[in-house]
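Asker: Before I ask anything, let me first share the structure, which is written out below as structure tokens.
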Amino acid sequence: MSQQGYVATPPYSQAQSGMGGYPAGFGSAPSQPLYGHYGGQPQSFPVPPTGVALKVVRPSLVIAVGPPPAPISQALPTSHLAQQPFHSAPPPAMGHPPLGSPCTGPQSHRMPSPQSPPAGQPMGGPPSMGGMGRPYPGPPPNASYCCRQSLTPVLFGTGQFGGQMAGPGMAGPGMAGPGMAGPGMAGPGMAGPFQGGAAQMAGPPQKKLDPDSIPSTTQVIEDDQAKRGGQVYATNVRGQVPPLVTTNFTVQDQGNASPRYMRCTTYSFPCTADLAKQCQVPLATIIKPFATVPKNETPLYVVNHGEAGPIRCNRCKAYMCPYMQFIDGGRRFQCGFCSCVNEVPAFYFQHLDHMGRRVDFYERPELSLGSYEFVATLDYCKNNKSASPPAYIFMIDVSYANVKSGLVRLICEELKTLLDNLPREEGAESSTVKVGFVTYNKILHFYNVKSALAQPQMMVVSDMAEMFVPLLDGFLVNFQESCSVINNLLDQIPDMFADTNESETVFAPVIQAGVEALKAAECSGKLFIFHSSIPTAEAPGKLKNRDDKKLINTEKEKTLFQPQKGLYEQLSKDCVAQGCSVDLFLFPSQYVDMATMGDVSTHTGGTVHKYSNFQVQTLDGEHFLSDLRKDVRKAIGFDAIMRVRTSTGFRATDFFGAVHMNNTTDVEMAAVDCDKAVTVEFKHDDTLSEETGALMQCALLYTTISGQRRLRIHNLSLNCSSQLSELYKSCETDALINFFAKSAYRAMLNQPLKTVREILVNQTAHMLACYRKNCASPSAASQLILPDAMKVFPIYMNSLMKTGPLVGSAELSTDDRAHQRLSVMAMGVEETQLLLYPRLVPLHNMDVASDVLPAPVRCSEERLTDAGMFLLENGHSLFLWLGQACTPELVQSIFNVPSLAHMPSDLSSLPVLDNPQSKKLRSMIEALLDQRPKSMKLLIVRQKDRSEMLFRQHLVEDKGLHGGASYMDFLCYVHREIRNLLT
């Protein structure tokens with residue numbers, strides 16, 4: 001089978017010898033059992049279909065999109081390049097060292113450049129690439145060039161990409177196999193000098209590789225927006241691939257869940273476990289049960305069957321959905337998941353039409369839609385008792401540092417207005433959420449804010465070993481009823497602790513107190529904990545500093561990210577059992593053991609916010625308050641349990657997310673909000689049928705904000721195929737990288753980072769090698785061939801390996817790395833896509849009259865211009881970068897100063913000016929902040945300033961500041977690995 005593919009002629013023909021990047025290098029491949037073995041008998045290929053027209057990007061490099069052409073007997077000679085000694089060329093001046101060479105490769109791989117002879121005529125110039133470092137006479141007449149990597153070593157940090165360029169058994173065209181020194185090539189263990197006479201040394205002038213010629217993420221995003229943006233995406237077709245997460249489209253639910261709720265790594269599952277093993281493409285779905293939908297899309301319908309409750313299959317317990325087949329005149333239905341035939345309850349009976357469909361098909365959401373809700377009966381409630389509305393408990397650290405910095409006063413002032421905006425059901429006049437207040441340092445203070453009191457009352461608990469709640473009546477109250485008492489309390493708290501000298505704090509007992517309070521009130525809820533230092537007071541859960549930089553890049557580095565076991569593990573279980581979610585707002589000035597302190601939040605569906613070196617008077621205050629407001633107001637469900645059911649032949653085997661698992665099937669979440677996603681991996685347990693496809697149903701049982709038990713159902717149907725080409729055609733790169741990020745971040749708790757990175761690279765090479773071997777038409781080994789749907793997968797994978805958690809650099813704080821690891825585990829596809837490929841938007845030439853935002857450019861230093869102004873954001877960081885030659889007019893209109901030299905060095909916000917440029921930029925930033933789950937603090941960075949380093953680490957196509965290869969070098973390395981696998 002052949003299919004659309006992305007083909008590039010060599011720059012990829014040779015990987016960089018000694019290409020470096022990751023501190024420990026990628027090293028050799030993991031032992032064979034991890035990955036299937038490529039290298040069986042050569043496969044015969046069908047005659048390829050004619051490809052899409054080739055397009056010349058620049059004369060220096062030719063790209064073809066379409067099925068790669070059939071091989072031509074003449075291959076690019078590579079043997080004498082394989083192990084050229086490193087001293088044969090001077091180090092490159094730029095980050096990318098490719099050089100030009102005469103192109104003698106197959107004609108069909110490229111279009112002739114303007115100087116080339118017509119196709120079919122012999123090319124001028126010899127095929128060799130000797131004498132790379134020397135000046136040359138001009139090129140022979142009529143020569144056509146394609147770029148090729150030079151073999152000058154490119155070393156970053158302390159390591160290199162492991163191994164020699166020609167791995168064992170990697171005998172490419174004209175290349176010697178193991179132990180055989182081919183012409184001009186030393187065999188393993190024989191480091192001979194370059195064998196070549198003067199005749200071989202002649203060659204054309206060098207050319208720098210054109211970066212525009214490799215696959216571009218921004219181009220892929222732009223193309224999808226142009227092709228599918230603004231359209232209605234109807235979900236009535238099984239296995240159709242949705243638009244990208246970056247595309248603006250409208251979903252019309254016609255039987256499958258919206259991609260906002262469920263996205264898959266591929267929309268065509270392989271029919272057998274062997275095929276799945278062969279291609280190594282993970283089969284997974286990223287489920288965001290509470291995803292926010294745009295205003296122009298219909299909210300979920302709620303179905304209420306009264307006391308009878310939802311209708312489900314007697315055998316597999318799947319809920320009524322569009323995949324159930326009604327038979328026997330409508331008296332029975334056959335389950336689409338397990339094929340069991342069930343009786344239809346009398347109250348639910350309806351006649352069938354001439355098509356065999358119920359006549360009320362369009363009147364019942366559960367028969368015609370992919371997503372809907374059922375009202376649950378008492379059987380679905382704990383102890384068969386109706387659920388109560390949840391409670392929010394605000395727990396404020398009143399130790400010396402927090403009081404003196406003004407943080408306690410800031411929180412209390414904000415709560416007075418924020419509590420008016422507690423979440424409520426659609427159409428409800430007021431919120432039913434109850435609220436409670438605790439302050440703490442070494443001891444805990446509970447407050448009675450009963451509406452009948454004239455003044456709030458404080459009760460102190462000083463025994464941390466036996467935590468209890470000293471009052472039941474008056475601790476959790478309705479804000480509307482107790483408004484005046486609560487405001488009175490919030491006014492008093494900052495003054496009450498104004499003279500405190502207590503600097504030690506407790507932490508675990510605070511969470512314990514919250515759980516006990518919810519247990520006593522028999523409700524679920526959320527704790528908002530505002531904390532600033534590592535808990536050092538003598539109490540359960542006391543932590544000590546275990547931040548040891550000497551462990552970085554050793555076998556024991558993983559221990560830095562493992563939470564302290566024991567008490568905190570038990571706390572997580574207690575919280576989940578009670579439906580108690582923990583949102584943690586941390587304000588550290590030094591190490592706080594984020595891995596342990598954030599662990600309870602992660603397992604209870606909560607969020608960890610971290611504000612290092614927080615200062616109330618700066619923009620930090622607004623940044624924190626914005627996060628707090630979003631957290632209090634967001635759509636959320638409590639005390640949730642999720643089950644993913646599948647049709648026969650495959651099942652859900654692994655779950656990644658802010659969840660707790662007591663067994664292998666039930667995903668327990670103390671709470672689940674609109675930003676949390678669970679990534680579910682599937683494995684075969686039998687053969688899947690192309691005819692029936694693969695069905696999955698996610699059922700989430702939860703308590704609403706008003707205390708009603710409901711079931712939220714999302715259904716999805718996928719294709720199944722025995723052709724691997726179908727799988728690759730329907731892959732979703734953004735979903736794949738979400739899966740790999742979460743699996744890598746989980747693996748790093750148990751394996752050395754070097755091993756985790758090696759596995760990621762090998763998996764990338766494996767997927768692409770399988771595509772090349774089984775789906776692409778044959779072509780020269782010197783070409784890197786990528787599936788069209790995965791052509792930007794390598795840039796995302798390289799970017800993932802350069803993220804803080806996986807880099808292993810002593811320059812990055814352990815807490816920051818642990819925080820990013822915890823954050824990513826709960827992210828949806830949109831968030832991981834943006835985090836791994838930030839948006840870099842040029843502002844210097846924006847059209848202020850247009851509503852359209854300037855198109856983002858590639859994340860590389862090469863795209864920055866000295867006279868430019870760029871906005872970069874990745875959902876967590878927001879930068880405004882100013883080139884040193886920015887025009888005075890632009891600087892004046894945005895900052896109200898005559899030139900960059902007049903700008904204050906500590907400027908951290910944009911002045912509000914009455915001109916089109918200022919208004920446009922500020923509205924752009926406001927719109928961005930509104931879209932993102934977390935607030936971002938704007939950092940204004942000038943070219944060549946020290947702070948520019950923070951900005952540059954987000955230019956993911958370049959070499960990593962803390963180690964990590966550039967995009968170009970990574971492609972070359974992956975290409976080499978693919979060739980190793982194929983030979």
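Going by the structure tokens order, chains are called A, B, ..., each with residues numbered from 1, while ligands are numbered from 1 in the order shown.
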Can you list, as a PyMOL selection string, every protein, DNA or RNA residue that comes within 7 Å of range 540-555 of chain A when you count only C-alpha atoms, leaving out same-chain residues fewer than 6 positions away?
Answerer: chain A and resi 465+507-509+534+567+752+808-810+814
Asker: Just list as a PyMOL selection string whatever in range 245-470 of chain A DSSP marks as strand (DSSP E or B).
Answerer: chain A and resi 250-252+262-264+266+268-270+284-287+302-303+312+319+325-327+332-334+341-343+352+358+371-375+391-397+434-440+444-448+457-461
Asker: Residues near Ile713 in chain A, anyone? I mean within 8 Å using only C-alpha atoms, not counting same-chain ones fewer than 3 positions away, as a PyMOL selection string.
Answerer: chain A and resi 319+370-374+697-700
Asker: Please provide as an MDAnalysis selection string all residues within 8 Å of range 247-259 of chain A, with the sequence filter that same-chain residues fewer than 2 positions apart are discarded (counting only C-alpha atoms).
Answerer: chainID A and resid 221 224:225 228:236 238 242:245 261:263 296:297 322 367:371 714:717
Asker: Give one line per residue of range 670-741 of chain A that approaches range 299-317 of chain A to at most 10 Å, naming the two atoms of the closest pair and their distance in Å to one decimal, counting only C-alpha atoms; sort by chain then ascending residue number and deliver it as a Markdown table.
Answerer:
```
| residue | atom | partner | partner_atom | distance |
| --- | --- | --- | --- | --- |
| A:Arg710 | CA | A:Val302 | CA | 8.9 |
| A:Leu711 | CA | A:Pro310 | CA | 8.8 |
| A:Arg712 | CA | A:Leu300 | CA | 8.8 |
| A:Ile713 | CA | A:Leu300 | CA | 9.7 |
```
Asker: Near Glu538 in chain A, counting only C-alpha atoms, which residues have an atom at most 10 Å away, once you skip same-chain residues fewer than 5 positions from it, shown as a PyMOL selection string?
Answerer: chain A and resi 442+464-465+504-506+543
Asker: Any idea what's packed within 7 Å of range 930-946 of chain A, counting only C-alpha atoms, ignoring anything in its chain fewer than 2 positions away? Could you give it as a list in words?
Answerer: His623, Ser626, Asp627, Asp675, Gly875, His876, Ser877, Leu878, Phe879, Leu880, Trp881, Leu882, Gly883, Gln884, Leu907, Ser908, Ser909, Glu926, Ala927, Leu928, Glu948 and Met949 of chain A
Asker: Using only C-alpha atoms, tabulate the residues of range 777-866 of chain A lying at most 9 Å from any atom of range 278-295 of chain A, each with its closest atom pair and that distance in Å to one decimal, by chain and increasing residue number, as JSON lines.
Answerer:
```
{"residue": "A:Met827", "atom": "CA", "partner": "A:Lys288", "partner_atom": "CA", "distance": 9.0}
{"residue": "A:Gly828", "atom": "CA", "partner": "A:Lys288", "partner_atom": "CA", "distance": 6.7}
{"residue": "A:Val829", "atom": "CA", "partner": "A:Ile286", "partner_atom": "CA", "distance": 7.2}
```
Asker: How about saving the chosen residues, all heavy atoms kept, as an mmCIF file, in the first residue's frame?
Answerer:
```
data_model
loop_
_atom_site.group_PDB
_atom_site.id
_atom_site.type_symbol
_atom_site.label_atom_id
_atom_site.label_comp_id
_atom_site.auth_asym_id
_atom_site.auth_seq_id
_atom_site.Cartn_x
_atom_site.Cartn_y
_atom_site.Cartn_z
ATOM 1 N N MET A 827 -3.031 17.355 31.583
ATOM 2 C CA MET A 827 -3.355 18.243 30.456
ATOM 3 C C MET A 827 -4.135 17.545 29.339
ATOM 4 O O MET A 827 -3.959 16.352 29.090
ATOM 5 C CB MET A 827 -2.060 18.789 29.839
ATOM 6 C CG MET A 827 -1.496 19.976 30.558
ATOM 7 S SD MET A 827 -0.053 20.589 29.643
ATOM 8 C CE MET A 827 0.525 21.813 30.804
ATOM 9 N N GLY A 828 -4.924 18.361 28.638
ATOM 10 C CA GLY A 828 -5.585 17.897 27.426
ATOM 11 C C GLY A 828 -4.679 18.124 26.221
ATOM 12 O O GLY A 828 -3.571 18.635 26.331
ATOM 13 N N VAL A 829 -5.188 17.753 25.051
ATOM 14 C CA VAL A 829 -4.385 17.820 23.821
ATOM 15 C C VAL A 829 -4.010 19.259 23.474
ATOM 16 O O VAL A 829 -2.873 19.538 23.083
ATOM 17 C CB VAL A 829 -5.151 17.158 22.648
ATOM 18 C CG1 VAL A 829 -4.365 17.253 21.357
ATOM 19 C CG2 VAL A 829 -5.435 15.698 22.967
#
```
Asker: With distances taken over only C-alpha atoms, which of A:Val435, A:Ile705, A:Cys321, A:Leu586 is nearest to Ala387 in chain A?
Answerer: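 So, comparing all the options, the nearest one is A:Ile705.
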